[in-house]
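Working notes for the structure below.
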Protein chains: 2
Amino acid sequence: MARIVMKFGGTSVADLDRIHVVARHVKREVDAGHEVAVVVSAMAGKTNELVGWVEKMPKVAGADASFYDAREYDAVVASGEQVTSGLLAIALQSMGVDARSWQGWQIALKTDNAHGAARIDSIEGARLMERMSQGQVAVVAGFQGIGPDGRIATLGRGGSDTSAVAIAAAVKADRCDIYTDVDGVYTTDPRIEPRARRLPKVTFEEMLEMASLGAKVLQVRSVELAMTQGVRTFVRSSFEDPDAPGMGDFDNPPGTLICDEDEIVEQETVTGIAYAKDEAQISLRRVADRPGVSAGIFGPLAEANINVDMIVQNISEDGATTDITFTVPSGDLERAVKILSDAKETVGFDAIQSEGGLTKVSVIGIGMRSHTGVAATSFKAMAGRNINIRAITTSEIKISILIDGAYTELAVRTLHAAYGLDGK
Amino acid sequence: MARIVMKFGGTSVADLDRIHVVARHVKREVDAGHEVAVVVSAMAGKTNELVGWVEKMPKVAGADASFYDAREYDAVVASGEQVTSGLLAIALQSMGVDARSWQGWQIALKTDNAHGAARIDSIEGARLMERMSQGQVAVVAGFQGIGPDGRIATLGRGGSDTSAVAIAAAVKADRCDIYTDVDGVYTTDPRIEPRARRLPKVTFEEMLEMASLGAKVLQVRSVELAMTQGVRTFVRSSFEDPDAPGMGDFDNPPGTLICDEDEIVEQETVTGIAYAKDEAQISLRRVADRPGVSAGIFGPLAEANINVDMIVQNISEDGATTDITFTVPSGDLERAVKILSDAKETVGFDAIQSEGGLTKVSVIGIGMRSHTGVAATSFKAMAGRNINIRAITTSEIKISILIDGAYTELAVRTLHAAYGLDGK
């Protein structure tokens, strides 16, 4: 018997039939003798509808701009999870499973005061654990808690994953199962490379890189929290038949376990290939090489909420100035160029060059740390396909290369094969 | 300067444009220097949608019957008011009016444990009053509070009117303005009698009779509460231009004031004519005249949730048995007859006669208490139109007559004229 937290996202609770399927997944674990808490998102599309109302309300009321009180945003938007938590509790009860819904303020899941994107301060796990130990399923409205002001605070988009991991930590769960519309974490995107394999296990660190690089399986924040709290997190599908063979196998269910490195006995050098499309490159030529110049460039971009990613700095030909190259999302390219052009005099550079439509392909693997020559394999593979590498950044467990977007699929497949990831 | 509670129903907050109109009504009162609390319902149709989900969920989950946990019903259904309270607060803020939303559990509006149809136990008015006195509009989610179990409890359908009156009592408001889709209380239904007049004032007792008799302006419960708490309640339209002349006139706004008898200087004998269609009549012939016979008849009907209304009992021809006649809603007639037929032996009667498609027309007026011959006017007027009276019941301030449904409009118009209610 174990204690499990199960989390279901918006597509998994999109309507009453889907909620019934969720209830069957939960009942399977209850019938196996486990103590269960379930964390649910709002019905698919509902949060967008509520956010849309909040964003439109000020203009409908005659305001010039769409400013609104984040505390009211929270009151409105948190209602979506309130609905699904109640409905799932009813579905479970109808199937003979003892269950009750818990709103964030009832638990209480306490957050800071940053309404709209609050961080979790603490969770009172004792009440939930008491009920769970009595056999009652706790159905928790995800994405929300209560702030120090006594008002509802939401955790920001995708916050239900974070709720689930935090609750798993609070109730000392053996595992946090994140049910989603994919059945696990793959070596790369199976739509690009059909030979992609589902990984049975992946480390927190690798998952964090994959999530940051656009793998939409899990929210970055929830992976961070799982890592720091040591919550074994399991990614699995909510669209499989809840009673299919193996679904209730506690030790080896279908999906991907995200866990500590020491749980993975034989570590592969490279675990997966991720990619992020729609990147743009900006190069500033002959930037005056003096203290504060980076702040002059990246400060204004940060203020404009433009996310700067790969940054490469070279000594330029003349030896007295530098060339600085970095990437931004393609959608922000025009704004970024405008901001930098305006700052040309104060920063001091000769010219701006920019190009959109690029892709960042990343090779990820915790085993890289103990292997040499991993990057060289990438460069050789790209050269073999005549794919030009525009920029390179590396970390302990990741190599990222920037290429023309047209080569995205070819590059992903080439790297997948080069690192021996292709399934049989 | 006064303290006002304003209540807006579902059609008044049906979409963002309507919520903006509500905000304009509120701003008008704030600009006039009043302290304001607003109570809102869910968007029109939203509560029905949520209730529909709750009612369908058990069957979708495979249960034989549609039983569900009323506490979960409350969690789901209360979300509708949470949304509109937040949106209205945003609309007000966008118009430069300080405002915040209050959920039932935040106030706290404490109820008993009868989830789904809870009664209000107490309201902590101090926090609301403090904020209101600082000029902040309190936007309260209607229809809900928090039970002794710490969970959301709803007050039953139409509970927002009751919330508003209770909050008006708690904050010692000078008036509770109920904004609705009609502009006041009329001497009768203007769709039947175009010469119906809007009443400037009506007593709590009269309003209670009118509400019970099908005038849909106010919930019976809210009128009862207003009467016992002495809350001056004002019925007015949310569909008029908020800035039309006279709308902000504190002493004499357009609408109908429901108040204590002593506020009405010159009391009319008859205040209005109400009617309830789709009544059915059941007569039990030659019922054994012995103790307990009424319990034998009405007990089983009450258990089946059939609402019995006018009850008339006559000594029958033989002098040893009685005839008992009463009304039920037409929709319940078939069930009622079945229940009584089953009980024929135990109750002891000769025959059942029944007929549907009847109408109860009622003449209401607190002035009846001090006038004689009021009923005779009704009987004479009906006779003059050849309308057969099937049953009569009277109270201190009401005369009800049961007639064929086909004569409904004629009877209403005839009585309206007979009691001198026609406008010029």
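So you can find residues: chains in the structure tokens are A, B, ... in the order shown, residues in each start at 1, and ligands are numbered from 1 in order.
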
- Message: Using only C-alpha atoms, which protein or nucleic acid residues come within 9 Å of Gln229 in chain B? Drop anything in the same chain fewer than 6 positions from it, and give the result as a list in words.
- Response: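 The residues satisfying every condition are Val165, Ala166 and Ala169 of chain B.
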
Pull the closest atom pair for each residue of chain B that gets at most 6 Å from chain A, along with the distance in Å to one decimal, counting only C-alpha atoms, ordering rows by chain and then ascending residue number, as a tab-separated table.
```
residue	atom	partner	partner_atom	distance
B:His20	CA	A:Ala61	CA	5.3
B:Met57	CA	A:Ala91	CA	6.0
B:Pro58	CA	A:Ser94	CA	5.2
B:Ala61	CA	A:His20	CA	5.3
B:Ala63	CA	A:Ser94	CA	5.4
B:Glu72	CA	A:Gly86	CA	4.8
B:Ala75	CA	A:Gly86	CA	5.9
B:Val76	CA	A:Val83	CA	4.4
B:Ser79	CA	A:Ser79	CA	5.2
B:Val83	CA	A:Val76	CA	4.4
B:Gly86	CA	A:Glu72	CA	4.8
B:Ala91	CA	A:Ala61	CA	5.4
B:Ser94	CA	A:Pro58	CA	5.2
```

- Message: I'd like the neighbourhood of Met1 in chain A as a list in words, where a residue qualifies if any of its atoms comes within 12 Å (using only C-alpha atoms), though same-chain residues fewer than 5 positions away should be ignored.
- Response: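 Listed by chain and then number, they are Glu29, Val30, Asp31, Ala32, Gly33, His34, Glu35, Val36, Ser133, Gly135, Ala173, Asp174, Arg175, Asp249, Phe250 and Asp251 of chain A.
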
Would you write out those residues with C-alpha atoms, as a PDB file, in the first residue's frame?
```
ATOM      1  CA  GLU A  29      -5.624   2.861  -7.373  1.00  0.00           C
ATOM      2  CA  VAL A  30      -8.077   2.968  -4.460  1.00  0.00           C
ATOM      3  CA  ASP A  31      -9.128  -0.619  -5.140  1.00  0.00           C
ATOM      4  CA  ALA A  32      -5.445  -1.598  -5.091  1.00  0.00           C
ATOM      5  CA  GLY A  33      -5.356  -0.322  -1.510  1.00  0.00           C
ATOM      6  CA  HIS A  34      -3.503   2.935  -2.069  1.00  0.00           C
ATOM      7  CA  GLU A  35      -4.247   6.245  -0.343  1.00  0.00           C
ATOM      8  CA  VAL A  36      -5.030   8.779  -3.044  1.00  0.00           C
ATOM      9  CA  SER A 133      -5.598   7.413   5.866  1.00  0.00           C
ATOM     10  CA  GLY A 135      -9.745   5.900   2.926  1.00  0.00           C
ATOM     11  CA  ALA A 173       3.402  10.681  -1.169  1.00  0.00           C
ATOM     12  CA  ASP A 174       5.369   7.806  -2.587  1.00  0.00           C
ATOM     13  CA  ARG A 175       4.761   9.111  -6.074  1.00  0.00           C
ATOM     14  CA  ASP A 249       1.136  -2.054 -11.734  1.00  0.00           C
ATOM     15  CA  PHE A 250       2.568   0.019  -8.912  1.00  0.00           C
ATOM     16  CA  ASP A 251       6.209  -0.842  -9.485  1.00  0.00           C
TER      17      ASP A 251
END
```

- Would you mind listing what lies within 8 Å of range 295-305 of chain A as a PyMOL selection string, with only C-alpha atoms counted and same-chain residues fewer than 6 positions away left out? chain A and resi 336+339-340+343+346-347

- Item | Distance query Ala244 in chain B at most 12 Å, only C-alpha atoms, self and fewer than 2 positions along chain excluded, as a list in words |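 Contacts, with the query itself left out: Arg24, His25, Arg28, Ser237, Ser238, Phe239, Glu240, Asp241, Pro242, Gly246, Met247, Gly248, Asp249, Pro253 and Pro254 of chain B.
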
File of the preceding selection, C-alpha atoms, as a compact mmCIF listing (two decimals), in the first residue's frame:
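What follows is the written file part39.txt:
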```
# COMPACT_ATOMS: atom_id res chain seq x y z
CA ARG B 24 -22.65 52.35 -13.74
CA HIS B 25 -25.63 51.92 -11.40
CA ARG B 28 -24.00 56.59 -9.52
CA SER B 237 -35.10 47.97 -12.84
CA SER B 238 -31.53 47.20 -13.84
CA PHE B 239 -32.43 47.76 -17.50
CA GLU B 240 -33.04 51.48 -17.29
CA ASP B 241 -30.25 53.91 -18.16
CA PRO B 242 -28.30 54.24 -14.90
CA GLY B 246 -34.40 60.52 -11.05
CA MET B 247 -32.47 57.24 -10.93
CA GLY B 248 -30.19 58.59 -8.23
CA ASP B 249 -32.96 60.27 -6.26
CA PRO B 253 -36.33 56.63 -6.91
CA PRO B 254 -38.40 54.85 -9.57
```

- Note on the structure: re CA of Ile311 in chain A and CA of Thr325 in chain A: distance 5.8 Å

- Quick one: pick out all strand (DSSP E) residues within range 32-247 of chain B from a backbone DSSP run and write them as a PyMOL selection string. chain B and resi 35-40+99-102+109-111+120-123+137-141+144-146+152-154+175-180+201-203+233-237

- Query: Do you know which residues are at most 6 Å from Met43 in chain A counting only C-alpha atoms, after dropping those on the same chain fewer than 6 positions away, and could you put them as a ChimeraX atom specification?
  - Reply: /A:10,13-14

- Counting only C-alpha atoms, which of A:Met382, A:Ile123, A:Ile282, A:Val287 gets nearest to Arg335 in chain A?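 Counting only C-alpha atoms, the residue closest to Arg335 in chain A is A:Ile282.
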
- Near Leu208 in chain B, counting only C-alpha atoms, which residues have an atom at most 9 Å away, once you skip same-chain residues fewer than 4 positions from it, shown as a list in words?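 Within the cut-off, the hits are Thr203, Phe204, Ser212, Leu213, Leu218, Gln219, Val220, Arg221, Val223, Glu224 and Met227 of chain B.
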
- Note on the structure: Restricting to only C-alpha atoms, whichever of A:Tyr275, A:Met6, A:Ala383, A:Tyr179 is closest to Ile192 in chain A is A:Tyr275

- Item | One-decimal distance in Å that lies between CA of Lys7 in chain B and CA of Lys27 in chain B |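 That distance, rounded to one decimal, is 13.9 Å.
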
Please return, as a compact mmCIF listing (two decimals) with all heavy atoms, in the first residue's frame, all residues of range 173-342 of chain B that DSSP assigns to alpha helix (DSSP H) on the basis of the backbone.
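Result saved to result04.txt:
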```txt
# COMPACT_ATOMS: atom_id res chain seq x y z
N PHE B 204 -44.61 44.58 3.68
CA PHE B 204 -43.96 43.26 3.69
C PHE B 204 -44.99 42.14 3.57
O PHE B 204 -44.82 41.19 2.82
CB PHE B 204 -43.16 43.06 4.98
CG PHE B 204 -41.94 43.94 5.11
CD1 PHE B 204 -41.79 44.79 6.19
CD2 PHE B 204 -40.94 43.90 4.14
CE1 PHE B 204 -40.66 45.59 6.32
CE2 PHE B 204 -39.81 44.69 4.27
CZ PHE B 204 -39.67 45.54 5.36
N GLU B 205 -46.09 42.27 4.36
CA GLU B 205 -47.09 41.22 4.40
C GLU B 205 -47.73 41.01 3.04
O GLU B 205 -47.92 39.88 2.58
CB GLU B 205 -48.18 41.56 5.43
CG GLU B 205 -47.74 41.51 6.89
CD GLU B 205 -47.04 42.79 7.35
OE1 GLU B 205 -46.80 43.69 6.51
OE2 GLU B 205 -46.70 42.87 8.55
N GLU B 206 -48.06 42.13 2.37
CA GLU B 206 -48.68 42.02 1.05
C GLU B 206 -47.70 41.40 0.05
O GLU B 206 -48.05 40.55 -0.76
CB GLU B 206 -49.11 43.41 0.57
CG GLU B 206 -50.31 43.94 1.32
CD GLU B 206 -50.51 45.44 1.11
OE1 GLU B 206 -49.51 46.17 0.89
OE2 GLU B 206 -51.67 45.87 1.15
N MET B 207 -46.44 41.85 0.12
CA MET B 207 -45.43 41.34 -0.80
C MET B 207 -45.24 39.84 -0.60
O MET B 207 -45.06 39.09 -1.56
CB MET B 207 -44.11 42.07 -0.57
CG MET B 207 -43.08 41.82 -1.66
SD MET B 207 -43.59 42.50 -3.25
CE MET B 207 -43.20 41.12 -4.33
N LEU B 208 -45.32 39.43 0.65
CA LEU B 208 -45.17 38.01 0.96
C LEU B 208 -46.29 37.21 0.30
O LEU B 208 -46.04 36.16 -0.30
CB LEU B 208 -45.24 37.84 2.48
CG LEU B 208 -44.55 36.66 3.12
CD1 LEU B 208 -43.11 36.56 2.65
CD2 LEU B 208 -44.59 36.84 4.63
N GLU B 209 -47.52 37.73 0.38
CA GLU B 209 -48.63 37.04 -0.28
C GLU B 209 -48.43 37.03 -1.79
O GLU B 209 -48.62 36.02 -2.45
CB GLU B 209 -49.97 37.73 0.05
CG GLU B 209 -50.39 37.62 1.51
CD GLU B 209 -50.87 36.20 1.87
OE1 GLU B 209 -50.86 35.31 1.01
OE2 GLU B 209 -51.24 36.00 3.05
N MET B 210 -48.02 38.17 -2.34
CA MET B 210 -47.84 38.25 -3.79
C MET B 210 -46.75 37.28 -4.25
O MET B 210 -46.89 36.61 -5.26
CB MET B 210 -47.48 39.67 -4.20
CG MET B 210 -48.64 40.65 -4.07
SD MET B 210 -48.18 42.27 -4.71
CE MET B 210 -49.56 43.24 -4.08
N ALA B 211 -45.64 37.24 -3.48
CA ALA B 211 -44.54 36.35 -3.86
C ALA B 211 -44.99 34.89 -3.79
O ALA B 211 -44.71 34.10 -4.69
CB ALA B 211 -43.34 36.58 -2.95
N SER B 212 -45.74 34.56 -2.74
CA SER B 212 -46.22 33.19 -2.60
C SER B 212 -47.16 32.83 -3.73
O SER B 212 -47.28 31.67 -4.13
CB SER B 212 -46.98 33.01 -1.28
OG SER B 212 -46.23 33.52 -0.21
N VAL B 220 -39.80 34.51 -1.87
CA VAL B 220 -40.57 34.52 -0.62
C VAL B 220 -39.64 34.65 0.59
O VAL B 220 -39.87 35.47 1.49
CB VAL B 220 -41.41 33.23 -0.50
CG1 VAL B 220 -42.11 33.18 0.86
CG2 VAL B 220 -42.44 33.15 -1.62
N ARG B 221 -38.58 33.83 0.57
CA ARG B 221 -37.66 33.82 1.71
C ARG B 221 -37.06 35.18 2.00
O ARG B 221 -36.86 35.57 3.15
CB ARG B 221 -36.48 32.91 1.38
CG ARG B 221 -36.53 31.58 1.99
CD ARG B 221 -35.40 30.77 1.43
NE ARG B 221 -34.21 30.84 2.22
CZ ARG B 221 -33.04 30.33 1.84
NH1 ARG B 221 -32.94 29.75 0.66
NH2 ARG B 221 -32.00 30.40 2.61
N SER B 222 -36.71 35.90 0.92
CA SER B 222 -36.07 37.19 1.12
C SER B 222 -37.07 38.19 1.69
O SER B 222 -36.70 39.05 2.49
CB SER B 222 -35.46 37.70 -0.19
OG SER B 222 -36.47 37.91 -1.15
N VAL B 223 -38.33 38.07 1.31
CA VAL B 223 -39.35 38.98 1.85
C VAL B 223 -39.57 38.69 3.34
O VAL B 223 -39.66 39.60 4.16
CB VAL B 223 -40.68 38.86 1.08
CG1 VAL B 223 -41.70 39.84 1.63
CG2 VAL B 223 -40.47 39.09 -0.41
N GLU B 224 -39.62 37.41 3.67
CA GLU B 224 -39.75 37.02 5.08
C GLU B 224 -38.63 37.61 5.92
O GLU B 224 -38.84 38.19 6.98
CB GLU B 224 -39.68 35.48 5.23
CG GLU B 224 -40.95 34.76 4.85
CD GLU B 224 -40.75 33.24 4.84
OE1 GLU B 224 -39.60 32.78 5.05
OE2 GLU B 224 -41.74 32.55 4.61
N LEU B 225 -37.41 37.47 5.38
CA LEU B 225 -36.25 37.97 6.10
C LEU B 225 -36.30 39.49 6.22
O LEU B 225 -36.01 40.06 7.28
CB LEU B 225 -34.97 37.53 5.38
CG LEU B 225 -33.66 37.76 6.12
CD1 LEU B 225 -33.61 36.93 7.39
CD2 LEU B 225 -32.47 37.39 5.22
N ALA B 226 -36.67 40.16 5.13
CA ALA B 226 -36.77 41.61 5.16
C ALA B 226 -37.78 42.05 6.21
O ALA B 226 -37.57 43.02 6.94
CB ALA B 226 -37.17 42.13 3.77
N MET B 227 -38.88 41.29 6.30
CA MET B 227 -39.93 41.63 7.25
C MET B 227 -39.44 41.45 8.68
O MET B 227 -39.58 42.36 9.50
CB MET B 227 -41.16 40.75 6.99
CG MET B 227 -42.36 41.08 7.85
SD MET B 227 -43.89 40.37 7.20
CE MET B 227 -43.63 38.65 7.52
N THR B 228 -38.83 40.30 8.97
CA THR B 228 -38.40 40.05 10.36
C THR B 228 -37.24 40.95 10.76
O THR B 228 -37.11 41.34 11.91
CB THR B 228 -38.00 38.57 10.57
OG1 THR B 228 -36.97 38.24 9.64
CG2 THR B 228 -39.18 37.64 10.35
N GLN B 229 -36.38 41.30 9.79
CA GLN B 229 -35.23 42.14 10.09
C GLN B 229 -35.52 43.62 9.89
O GLN B 229 -34.66 44.47 10.14
CB GLN B 229 -34.04 41.75 9.20
CG GLN B 229 -33.55 40.33 9.41
CD GLN B 229 -32.72 40.18 10.67
OE1 GLN B 229 -31.91 41.04 10.99
NE2 GLN B 229 -32.93 39.10 11.40
N VAL B 293 -58.06 11.66 10.08
CA VAL B 293 -58.32 11.45 8.67
C VAL B 293 -57.53 12.43 7.79
O VAL B 293 -57.03 12.07 6.73
CB VAL B 293 -59.85 11.51 8.37
CG1 VAL B 293 -60.35 12.94 8.47
CG2 VAL B 293 -60.16 10.92 7.02
N SER B 294 -57.36 13.65 8.27
CA SER B 294 -56.57 14.63 7.51
C SER B 294 -55.13 14.17 7.38
O SER B 294 -54.52 14.27 6.30
CB SER B 294 -56.59 16.00 8.19
OG SER B 294 -57.86 16.58 8.08
N ALA B 295 -54.58 13.66 8.47
CA ALA B 295 -53.21 13.16 8.43
C ALA B 295 -53.08 12.03 7.42
O ALA B 295 -52.11 11.92 6.68
CB ALA B 295 -52.76 12.69 9.81
N GLY B 296 -54.12 11.19 7.36
CA GLY B 296 -54.11 10.07 6.41
C GLY B 296 -54.11 10.54 4.97
O GLY B 296 -53.56 9.87 4.09
N ILE B 297 -54.72 11.68 4.73
CA ILE B 297 -54.78 12.21 3.36
C ILE B 297 -53.51 13.01 3.03
O ILE B 297 -52.85 12.75 2.02
CB ILE B 297 -56.01 13.14 3.20
CG1 ILE B 297 -57.31 12.34 3.36
CG2 ILE B 297 -55.98 13.85 1.84
CD1 ILE B 297 -58.54 13.21 3.52
N PHE B 298 -53.18 13.96 3.90
CA PHE B 298 -52.13 14.92 3.53
C PHE B 298 -50.72 14.45 3.88
O PHE B 298 -49.75 14.92 3.30
CB PHE B 298 -52.44 16.29 4.14
CG PHE B 298 -53.75 16.86 3.64
CD1 PHE B 298 -54.81 17.10 4.51
CD2 PHE B 298 -53.92 17.12 2.28
CE1 PHE B 298 -56.02 17.60 4.04
CE2 PHE B 298 -55.12 17.62 1.81
CZ PHE B 298 -56.18 17.85 2.69
N GLY B 299 -50.62 13.51 4.82
CA GLY B 299 -49.30 12.96 5.16
C GLY B 299 -48.60 12.35 3.94
O GLY B 299 -47.49 12.75 3.60
N PRO B 300 -49.25 11.39 3.26
CA PRO B 300 -48.60 10.77 2.10
C PRO B 300 -48.28 11.77 0.99
O PRO B 300 -47.28 11.62 0.29
CB PRO B 300 -49.64 9.75 1.63
CG PRO B 300 -50.49 9.46 2.82
CD PRO B 300 -50.52 10.75 3.61
N LEU B 301 -49.12 12.79 0.82
CA LEU B 301 -48.85 13.79 -0.22
C LEU B 301 -47.62 14.61 0.13
O LEU B 301 -46.77 14.90 -0.72
CB LEU B 301 -50.07 14.72 -0.40
CG LEU B 301 -51.34 14.04 -0.95
CD1 LEU B 301 -52.49 15.04 -0.98
CD2 LEU B 301 -51.10 13.48 -2.36
N ALA B 302 -47.49 14.95 1.41
CA ALA B 302 -46.32 15.71 1.86
C ALA B 302 -45.05 14.90 1.67
O ALA B 302 -44.03 15.41 1.21
CB ALA B 302 -46.48 16.12 3.32
N GLU B 303 -45.15 13.61 2.01
CA GLU B 303 -43.97 12.74 1.83
C GLU B 303 -43.53 12.69 0.38
O GLU B 303 -42.35 12.55 0.08
CB GLU B 303 -44.30 11.32 2.30
CG GLU B 303 -44.10 11.12 3.79
CD GLU B 303 -44.71 9.80 4.24
OE1 GLU B 303 -44.63 8.82 3.47
OE2 GLU B 303 -45.26 9.77 5.36
N LEU B 333 -50.81 16.35 -10.34
CA LEU B 333 -52.15 15.80 -10.16
C LEU B 333 -52.17 14.28 -10.30
O LEU B 333 -52.72 13.58 -9.43
CB LEU B 333 -53.10 16.44 -11.19
CG LEU B 333 -54.54 15.91 -11.17
CD1 LEU B 333 -55.17 16.10 -9.79
CD2 LEU B 333 -55.39 16.61 -12.24
N GLU B 334 -51.55 13.77 -11.34
CA GLU B 334 -51.59 12.33 -11.60
C GLU B 334 -50.99 11.54 -10.42
O GLU B 334 -51.58 10.58 -9.93
CB GLU B 334 -50.81 12.03 -12.89
CG GLU B 334 -51.22 10.74 -13.57
CD GLU B 334 -50.49 10.60 -14.91
OE1 GLU B 334 -50.35 11.63 -15.62
OE2 GLU B 334 -50.05 9.48 -15.22
N ARG B 335 -49.84 11.99 -9.95
CA ARG B 335 -49.20 11.34 -8.81
C ARG B 335 -50.08 11.38 -7.57
O ARG B 335 -50.20 10.41 -6.82
CB ARG B 335 -47.84 12.00 -8.48
CG ARG B 335 -46.69 11.51 -9.35
CD ARG B 335 -45.34 11.81 -8.70
NE ARG B 335 -45.20 13.20 -8.33
CZ ARG B 335 -44.62 13.62 -7.21
NH1 ARG B 335 -44.14 12.75 -6.34
NH2 ARG B 335 -44.51 14.91 -6.95
N ALA B 336 -50.69 12.57 -7.36
CA ALA B 336 -51.51 12.76 -6.16
C ALA B 336 -52.71 11.81 -6.17
O ALA B 336 -53.03 11.18 -5.15
CB ALA B 336 -51.97 14.21 -6.06
N VAL B 337 -53.34 11.70 -7.32
CA VAL B 337 -54.51 10.82 -7.42
C VAL B 337 -54.10 9.37 -7.18
O VAL B 337 -54.78 8.61 -6.48
CB VAL B 337 -55.19 11.00 -8.81
CG1 VAL B 337 -56.23 9.90 -9.04
CG2 VAL B 337 -55.84 12.38 -8.91
N LYS B 338 -52.95 8.98 -7.72
CA LYS B 338 -52.44 7.62 -7.52
C LYS B 338 -52.20 7.34 -6.03
O LYS B 338 -52.63 6.31 -5.49
CB LYS B 338 -51.14 7.48 -8.31
CG LYS B 338 -50.31 6.23 -8.04
CD LYS B 338 -50.66 5.10 -8.98
CE LYS B 338 -49.75 3.90 -8.83
NZ LYS B 338 -49.72 3.33 -7.48
N ILE B 339 -51.57 8.29 -5.36
CA ILE B 339 -51.26 8.13 -3.93
C ILE B 339 -52.55 7.99 -3.11
O ILE B 339 -52.66 7.14 -2.23
CB ILE B 339 -50.41 9.32 -3.43
CG1 ILE B 339 -48.99 9.21 -3.99
CG2 ILE B 339 -50.39 9.39 -1.91
CD1 ILE B 339 -48.18 10.50 -3.86
N LEU B 340 -53.54 8.84 -3.45
CA LEU B 340 -54.79 8.83 -2.68
C LEU B 340 -55.59 7.56 -2.97
O LEU B 340 -56.21 6.99 -2.07
CB LEU B 340 -55.61 10.08 -3.00
CG LEU B 340 -54.97 11.38 -2.47
CD1 LEU B 340 -55.65 12.59 -3.07
CD2 LEU B 340 -55.02 11.41 -0.94
N SER B 341 -55.59 7.11 -4.23
CA SER B 341 -56.30 5.86 -4.57
C SER B 341 -55.72 4.70 -3.79
O SER B 341 -56.45 3.84 -3.27
CB SER B 341 -56.18 5.58 -6.08
OG SER B 341 -56.73 6.66 -6.81
N ASP B 342 -54.39 4.68 -3.68
CA ASP B 342 -53.73 3.62 -2.92
C ASP B 342 -54.14 3.65 -1.45
O ASP B 342 -54.12 2.61 -0.77
CB ASP B 342 -52.20 3.75 -3.03
CG ASP B 342 -51.71 3.42 -4.43
OD1 ASP B 342 -52.52 2.91 -5.24
OD2 ASP B 342 -50.53 3.70 -4.73
```

- Here CA of Val40 in chain B and CA of Ser160 in chain B stand apart by 6.9 Å

- Item | Closest of A:Ala288, A:Ile401, A:Val374, A:Val38 to Thr321 in chain A - atom-to-atom distances counting only C-alpha atoms |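 With only C-alpha atoms as the atom set, the closest residue is A:Ala288.
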